[in-house]
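Accompanying notes for the structure given below.
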Amino acid sequence: MINPEPGLAIWTLITFVILFFFLKKFAFGPIQNMIDQRRDSIEESIKAAEETRREAERMLAEYRESIAQAKHEAEEIIDRAHKVGESTKSEIVGLAREQAQKEVDGARDQIQRETRKAIQEIKDQVADLTILAAGKVTGKTMNREDHLRLVDEALAEVDFDQLGAGGQ
Amino acid sequence: MIGLIASAAEAGQAVADAPEKFSPTEEFEAAVKPLSFGGHELAFKLGPVDLSISKAVVYLWIAALIVGLFCYIVSKGARILPNRKQMAFESLYEYVSDNLVGAVMHGKMAASWFPYILSLFLFILVSNLIGLVPFFLGLDHRGIPTIATYAATSNINVTVALAALTFILTHVSGIRANGPIGYFKGWVPGTAPGVLKPVLFLIHSVSEIFRLVSLGVRLFANLLAGHIMILVFYALIFMLSSYAMIVILAPVIELGVLAVSAFEIFVAAIQAYIFAILTAVYIGGAIQQEH
């Protein structure tokens, strides 16, 4: 066991060298390839997962932002509609009020005009009738100017404004 | 294998015939005798060198075959998603790659030396471990089974041959990396006074040779000691004089053998590790000399 046995030493070297080349060519190469391949694929997977996560995060942020924007826009639209409605309403109401006022004013004018005309007609008829009646009673005819003066005096005592106001 | 059985049966017979003269080293002396196969002695000579196929050579082949076949099968069935066998081998592979080679070498150097160091590690580990497996070697002349354990790495010729390979590779790679002048200059500290340089060179040369010797002897001595311990425990059984003592003491001795064997598994792994890491350290140191 401690005697020199060069033959055994040579056999040791032959056996080991053959084993070494066999392992290097047929075993370690494929194993190393497999380990490298696995490392690469894990690295790729991690990278892809990271990419996906980042993409998802980005999309989520985007969605959040667009939702917030949509909400904001909706609020704005509603707000604007409110305002438009409000202003339209007040506009319409204003217009209607104006229209009504105009009509009322027009009607009042016409009534006044009609009233004045009617009074004038009444005045004329009363004067004519009075002249006629007075002529028949006195047998004398007063001239028209005298009569008109008399009628005016009489009518001055009547409050036609009251009549006008009542016709309003 | 048949020759192996025949030779070991002879050894067993010798032991059986003279139990009181039992010598544990006999097993080891017999291991380098040529085996016989089918009646022919497997003795070969190449000039002065005896290339006979002995038990030690067969054990080397068995170790190489186990390592080669196992690694080949694992690498053939290698998948991206590993099974348990592949996982086990890959952890060993990466352990050697990261902690053993990676501790002393880096980058390209580590990649190019890793296969050698891993092969060395596996070959020595398996050689050591199969030394603990008792092989059934047949029946002796009384019909009693002969069972023996043997490790090729418990022969100094095997371990020194492997150490010599590391020794040669160390210096060849050192010279290739630094040039012959640069490499041998690196053996002497540059700051040393001129007169001392030859002395320091001589001291370093001696230390290099002792590295070779210590690398080989450490492995051999550890393995041999473990096997001798196991055999001595068994020898104690042969020395017991009465059946009563055998009945009482044999189980105790058996427990001792069990404990030593368990320790030997640890020694087998640690010695393979030491041999491999020292190889990595020596080669790494030769390539990247410290000035």
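Following the order of the structure tokens, chains are lettered A, B, ..., residues in each are numbered from 1, and ligands are numbered from 1.
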
- [ ] Pull out every residue of chain A sitting within 12 Å of chain B, counting only C-alpha atoms, and send them as a ChimeraX atom specification.
- [x] /A:1-42

Keeping only N, CA and C atoms, write those residues as a compact mmCIF listing (two decimals), in the first residue's frame.
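Written output follows (out_8.txt):
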```txt
# COMPACT_ATOMS: atom_id res chain seq x y z
N MET A 1 0.82 -1.22 0.00
CA MET A 1 0.00 0.00 0.00
C MET A 1 0.85 1.26 0.00
N ILE A 2 2.05 1.16 0.60
CA ILE A 2 2.95 2.31 0.44
C ILE A 2 4.16 1.93 -0.41
N ASN A 3 4.14 0.73 -0.93
CA ASN A 3 5.21 0.36 -1.88
C ASN A 3 4.96 1.08 -3.19
N PRO A 4 6.00 1.55 -3.84
CA PRO A 4 5.77 2.20 -5.12
C PRO A 4 5.26 1.20 -6.15
N GLU A 5 4.14 1.52 -6.74
CA GLU A 5 3.54 0.67 -7.79
C GLU A 5 3.28 1.57 -8.98
N PRO A 6 4.30 1.83 -9.81
CA PRO A 6 4.09 2.76 -10.91
C PRO A 6 2.94 2.35 -11.82
N GLY A 7 2.71 1.04 -11.93
CA GLY A 7 1.60 0.55 -12.77
C GLY A 7 0.28 1.08 -12.28
N LEU A 8 0.08 1.01 -10.96
CA LEU A 8 -1.18 1.49 -10.39
C LEU A 8 -1.32 3.00 -10.59
N ALA A 9 -0.19 3.71 -10.43
CA ALA A 9 -0.22 5.16 -10.64
C ALA A 9 -0.61 5.46 -12.08
N ILE A 10 -0.06 4.70 -13.01
CA ILE A 10 -0.39 4.92 -14.42
C ILE A 10 -1.86 4.60 -14.68
N TRP A 11 -2.33 3.51 -14.10
CA TRP A 11 -3.75 3.18 -14.24
C TRP A 11 -4.63 4.28 -13.66
N THR A 12 -4.19 4.82 -12.54
CA THR A 12 -4.96 5.91 -11.92
C THR A 12 -5.08 7.08 -12.90
N LEU A 13 -3.94 7.45 -13.48
CA LEU A 13 -3.95 8.59 -14.39
C LEU A 13 -4.79 8.29 -15.63
N ILE A 14 -4.61 7.08 -16.18
CA ILE A 14 -5.39 6.73 -17.38
C ILE A 14 -6.89 6.80 -17.06
N THR A 15 -7.27 6.16 -15.96
CA THR A 15 -8.70 6.13 -15.58
C THR A 15 -9.22 7.54 -15.38
N PHE A 16 -8.45 8.32 -14.63
CA PHE A 16 -8.94 9.66 -14.32
C PHE A 16 -9.00 10.56 -15.56
N VAL A 17 -7.99 10.48 -16.39
CA VAL A 17 -7.97 11.34 -17.59
C VAL A 17 -9.12 10.98 -18.53
N ILE A 18 -9.36 9.68 -18.68
CA ILE A 18 -10.50 9.27 -19.52
C ILE A 18 -11.81 9.79 -18.91
N LEU A 19 -11.95 9.60 -17.60
CA LEU A 19 -13.16 10.07 -16.91
C LEU A 19 -13.32 11.58 -17.10
N PHE A 20 -12.19 12.30 -16.95
CA PHE A 20 -12.24 13.76 -17.07
C PHE A 20 -12.74 14.17 -18.45
N PHE A 21 -12.16 13.60 -19.51
CA PHE A 21 -12.58 14.01 -20.85
C PHE A 21 -14.01 13.59 -21.15
N PHE A 22 -14.37 12.41 -20.64
CA PHE A 22 -15.75 11.95 -20.83
C PHE A 22 -16.72 12.92 -20.16
N LEU A 23 -16.43 13.26 -18.90
CA LEU A 23 -17.33 14.15 -18.15
C LEU A 23 -17.40 15.52 -18.82
N LYS A 24 -16.23 16.02 -19.23
CA LYS A 24 -16.19 17.36 -19.81
C LYS A 24 -17.03 17.42 -21.07
N LYS A 25 -16.92 16.35 -21.88
CA LYS A 25 -17.61 16.37 -23.17
C LYS A 25 -19.09 16.02 -23.05
N PHE A 26 -19.38 14.97 -22.26
CA PHE A 26 -20.74 14.44 -22.30
C PHE A 26 -21.61 14.84 -21.11
N ALA A 27 -21.00 15.28 -20.02
CA ALA A 27 -21.84 15.55 -18.84
C ALA A 27 -21.85 17.03 -18.44
N PHE A 28 -20.66 17.59 -18.24
CA PHE A 28 -20.63 18.96 -17.70
C PHE A 28 -21.14 19.97 -18.70
N GLY A 29 -20.79 19.76 -19.98
CA GLY A 29 -21.26 20.68 -21.01
C GLY A 29 -22.78 20.80 -21.01
N PRO A 30 -23.49 19.67 -21.21
CA PRO A 30 -24.95 19.74 -21.21
C PRO A 30 -25.53 20.30 -19.91
N ILE A 31 -24.92 19.90 -18.78
CA ILE A 31 -25.44 20.40 -17.49
C ILE A 31 -25.26 21.92 -17.42
N GLN A 32 -24.07 22.37 -17.82
CA GLN A 32 -23.79 23.81 -17.76
C GLN A 32 -24.76 24.57 -18.68
N ASN A 33 -24.96 23.98 -19.88
CA ASN A 33 -25.91 24.59 -20.82
C ASN A 33 -27.29 24.71 -20.21
N MET A 34 -27.68 23.61 -19.56
CA MET A 34 -29.01 23.58 -18.96
C MET A 34 -29.12 24.65 -17.87
N ILE A 35 -28.06 24.73 -17.05
CA ILE A 35 -28.08 25.72 -15.95
C ILE A 35 -28.13 27.14 -16.54
N ASP A 36 -27.30 27.36 -17.57
CA ASP A 36 -27.29 28.68 -18.21
C ASP A 36 -28.65 29.00 -18.81
N GLN A 37 -29.20 27.96 -19.49
CA GLN A 37 -30.51 28.15 -20.14
C GLN A 37 -31.57 28.51 -19.10
N ARG A 38 -31.51 27.76 -17.98
CA ARG A 38 -32.50 28.01 -16.94
C ARG A 38 -32.32 29.42 -16.38
N ARG A 39 -31.05 29.78 -16.15
CA ARG A 39 -30.79 31.12 -15.60
C ARG A 39 -31.34 32.18 -16.55
N ASP A 40 -31.08 31.95 -17.86
CA ASP A 40 -31.56 32.91 -18.85
C ASP A 40 -33.08 32.99 -18.83
N SER A 41 -33.70 31.80 -18.78
CA SER A 41 -35.17 31.80 -18.86
C SER A 41 -35.76 32.42 -17.61
N ILE A 42 -35.12 32.18 -16.46
CA ILE A 42 -35.62 32.80 -15.22
C ILE A 42 -35.45 34.32 -15.30
```

- [ ] Using backbone DSSP assignments, extract all alpha helix (DSSP H) residues from stretch 47-249 of chain B; output them as number ranges by chain.
- [x] B: 55-76, 84-95, 107-130, 156-178, 180-185, 197-239, 243-249

Export of prior selection with C-alpha atoms as a CSV table (one decimal), in the first residue's frame:
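Output contents, as saved in part13.csv:
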```
chain,number,residue,atom,x,y,z
B,55,LYS,CA,-8.2,-5.1,-7.2
B,56,ALA,CA,-7.1,-1.4,-6.8
B,57,VAL,CA,-7.4,-0.9,-10.6
B,58,VAL,CA,-10.8,-2.5,-10.7
B,59,TYR,CA,-11.9,-0.2,-7.8
B,60,LEU,CA,-10.7,2.8,-9.8
B,61,TRP,CA,-12.7,1.6,-12.8
B,62,ILE,CA,-15.8,1.1,-10.7
B,63,ALA,CA,-15.5,4.6,-9.3
B,64,ALA,CA,-14.9,6.1,-12.7
B,65,LEU,CA,-17.8,4.1,-14.1
B,66,ILE,CA,-20.2,5.2,-11.3
B,67,VAL,CA,-19.2,8.9,-11.7
B,68,GLY,CA,-19.3,8.8,-15.5
B,69,LEU,CA,-22.6,6.9,-15.8
B,70,PHE,CA,-24.3,9.0,-13.1
B,71,CYS,CA,-23.2,12.3,-14.7
B,72,TYR,CA,-24.0,11.1,-18.1
B,73,ILE,CA,-27.5,9.9,-17.2
B,74,VAL,CA,-28.2,13.2,-15.3
B,75,SER,CA,-27.0,15.3,-18.2
B,76,LYS,CA,-29.0,13.2,-20.8
B,84,ARG,CA,-34.8,15.3,-7.9
B,85,LYS,CA,-31.8,13.5,-9.3
B,86,GLN,CA,-30.9,16.4,-11.5
B,87,MET,CA,-31.5,18.9,-8.7
B,88,ALA,CA,-29.2,16.9,-6.4
B,89,PHE,CA,-26.5,16.8,-9.0
B,90,GLU,CA,-26.9,20.4,-9.9
B,91,SER,CA,-26.6,21.5,-6.2
B,92,LEU,CA,-23.3,19.5,-6.0
B,93,TYR,CA,-22.3,21.0,-9.3
B,94,GLU,CA,-23.1,24.6,-8.3
B,95,TYR,CA,-21.6,24.0,-4.8
B,107,GLY,CA,-14.2,34.4,-14.6
B,108,LYS,CA,-12.5,32.6,-17.4
B,109,MET,CA,-9.9,30.9,-15.3
B,110,ALA,CA,-12.6,29.4,-13.1
B,111,ALA,CA,-14.6,28.3,-16.1
B,112,SER,CA,-11.6,26.5,-17.7
B,113,TRP,CA,-10.4,24.8,-14.5
B,114,PHE,CA,-13.9,23.9,-13.1
B,115,PRO,CA,-14.3,20.7,-15.1
B,116,TYR,CA,-11.0,19.4,-13.9
B,117,ILE,CA,-11.6,20.2,-10.3
B,118,LEU,CA,-15.2,18.9,-10.3
B,119,SER,CA,-14.0,15.6,-12.0
B,120,LEU,CA,-11.3,15.3,-9.4
B,121,PHE,CA,-13.7,15.9,-6.6
B,122,LEU,CA,-16.3,13.4,-7.9
B,123,PHE,CA,-13.7,10.8,-8.7
B,124,ILE,CA,-12.1,11.0,-5.2
B,125,LEU,CA,-15.5,11.3,-3.4
B,126,VAL,CA,-16.9,8.2,-5.1
B,127,SER,CA,-13.6,6.3,-4.7
B,128,ASN,CA,-13.7,7.1,-1.0
B,129,LEU,CA,-17.3,6.2,-0.6
B,130,ILE,CA,-17.3,2.9,-2.4
B,156,ILE,CA,-0.6,5.9,-1.9
B,157,ASN,CA,0.2,5.3,-5.6
B,158,VAL,CA,-3.3,6.3,-6.5
B,159,THR,CA,-3.4,9.5,-4.4
B,160,VAL,CA,0.1,10.6,-5.3
B,161,ALA,CA,-0.6,10.0,-9.0
B,162,LEU,CA,-3.6,12.4,-8.7
B,163,ALA,CA,-1.5,14.8,-6.7
B,164,ALA,CA,1.2,14.7,-9.3
B,165,LEU,CA,-1.3,15.5,-12.0
B,166,THR,CA,-2.4,18.6,-10.0
B,167,PHE,CA,1.3,19.4,-9.4
B,168,ILE,CA,2.2,19.2,-13.1
B,169,LEU,CA,-0.9,21.2,-14.1
B,170,THR,CA,-0.1,23.8,-11.4
B,171,HIS,CA,3.3,24.5,-12.8
B,172,VAL,CA,2.4,24.2,-16.5
B,173,SER,CA,-0.5,26.7,-16.1
B,174,GLY,CA,1.7,28.9,-14.0
B,175,ILE,CA,4.4,29.0,-16.7
B,176,ARG,CA,1.8,29.5,-19.4
B,177,ALA,CA,0.2,32.4,-17.6
B,178,ASN,CA,3.3,34.2,-16.5
B,180,PRO,CA,8.8,30.7,-17.5
B,181,ILE,CA,11.0,33.5,-16.2
B,182,GLY,CA,8.1,35.4,-14.7
B,183,TYR,CA,6.7,32.3,-13.0
B,184,PHE,CA,9.9,31.2,-11.3
B,185,LYS,CA,10.7,34.8,-10.4
B,197,LYS,CA,17.2,35.0,-3.4
B,198,PRO,CA,18.8,31.6,-4.3
B,199,VAL,CA,18.1,30.4,-0.8
B,200,LEU,CA,14.5,31.5,-0.9
B,201,PHE,CA,14.1,29.9,-4.3
B,202,LEU,CA,15.4,26.6,-2.9
B,203,ILE,CA,13.1,26.8,0.1
B,204,HIS,CA,10.1,27.5,-2.2
B,205,SER,CA,11.1,24.6,-4.5
B,206,VAL,CA,11.1,22.3,-1.5
B,207,SER,CA,7.8,23.6,-0.3
B,208,GLU,CA,6.3,23.0,-3.8
B,209,ILE,CA,7.5,19.3,-3.6
B,210,PHE,CA,6.1,19.0,-0.1
B,211,ARG,CA,2.8,20.3,-1.4
B,212,LEU,CA,2.7,17.4,-3.8
B,213,VAL,CA,3.6,14.9,-1.1
B,214,SER,CA,1.2,16.3,1.5
B,215,LEU,CA,-1.6,16.4,-1.0
B,216,GLY,CA,-1.1,12.7,-1.9
B,217,VAL,CA,-0.3,11.5,1.6
B,218,ARG,CA,-3.2,13.3,3.3
B,219,LEU,CA,-5.8,11.6,1.2
B,220,PHE,CA,-4.1,8.2,1.4
B,221,ALA,CA,-3.4,8.3,5.1
B,222,ASN,CA,-6.9,9.4,6.0
B,223,LEU,CA,-8.6,6.7,3.9
B,224,LEU,CA,-6.1,4.0,5.0
B,225,ALA,CA,-6.5,4.9,8.7
B,226,GLY,CA,-10.3,4.7,8.4
B,227,HIS,CA,-10.2,1.3,6.8
B,228,ILE,CA,-7.6,0.0,9.2
B,229,MET,CA,-9.8,1.2,12.1
B,230,ILE,CA,-12.8,-0.7,10.7
B,231,LEU,CA,-10.7,-3.8,10.1
B,232,VAL,CA,-9.2,-3.6,13.6
B,233,PHE,CA,-12.6,-3.5,15.1
B,234,TYR,CA,-13.5,-6.6,13.2
B,235,ALA,CA,-10.2,-8.2,14.2
B,236,LEU,CA,-11.2,-7.7,17.8
B,237,ILE,CA,-14.1,-10.2,17.1
B,238,PHE,CA,-11.6,-12.8,15.8
B,239,MET,CA,-9.5,-12.3,18.9
B,243,TYR,CA,-18.6,-17.9,22.2
B,244,ALA,CA,-20.0,-16.2,25.3
B,245,MET,CA,-17.7,-13.3,24.8
B,246,ILE,CA,-18.5,-13.1,21.1
B,247,VAL,CA,-22.3,-13.0,21.9
B,248,ILE,CA,-21.8,-10.2,24.4
B,249,LEU,CA,-19.0,-8.2,22.8
```

- [ ] Work out how far apart atom CA of B:Ile283 and atom CA of B:Phe266 are and give it in Å to one decimal.
- [x]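 Interatomic distance, atom CA of B:Ile283 to atom CA of B:Phe266: 25.7 Å.
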
Task: Distance of atom CA of B:Phe275 from atom CA of B:Gly102, expressed in Å to one decimal place - done: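 Interatomic distance here is 15.4 Å.
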
Task: Residue list (strand (DSSP E), DSSP) for stretch 32-262 of chain B, as a PyMOL selection string - done: chain B and resi 36-37+40-41+45-46+49-50+135-139+145-148

Open item on the list: Please compute the atom CA of A:Gln101-atom CA of A:Glu86 distance, one decimal, in Å.
Closed with: 22.0 Å

Open item on the list: List the spatial neighbours of A:Val126 as a count of residues only - criterion: any atom at most 12 Å away, only C-alpha atoms, same-chain residues fewer than 2 positions off excluded.
Closed with: 21
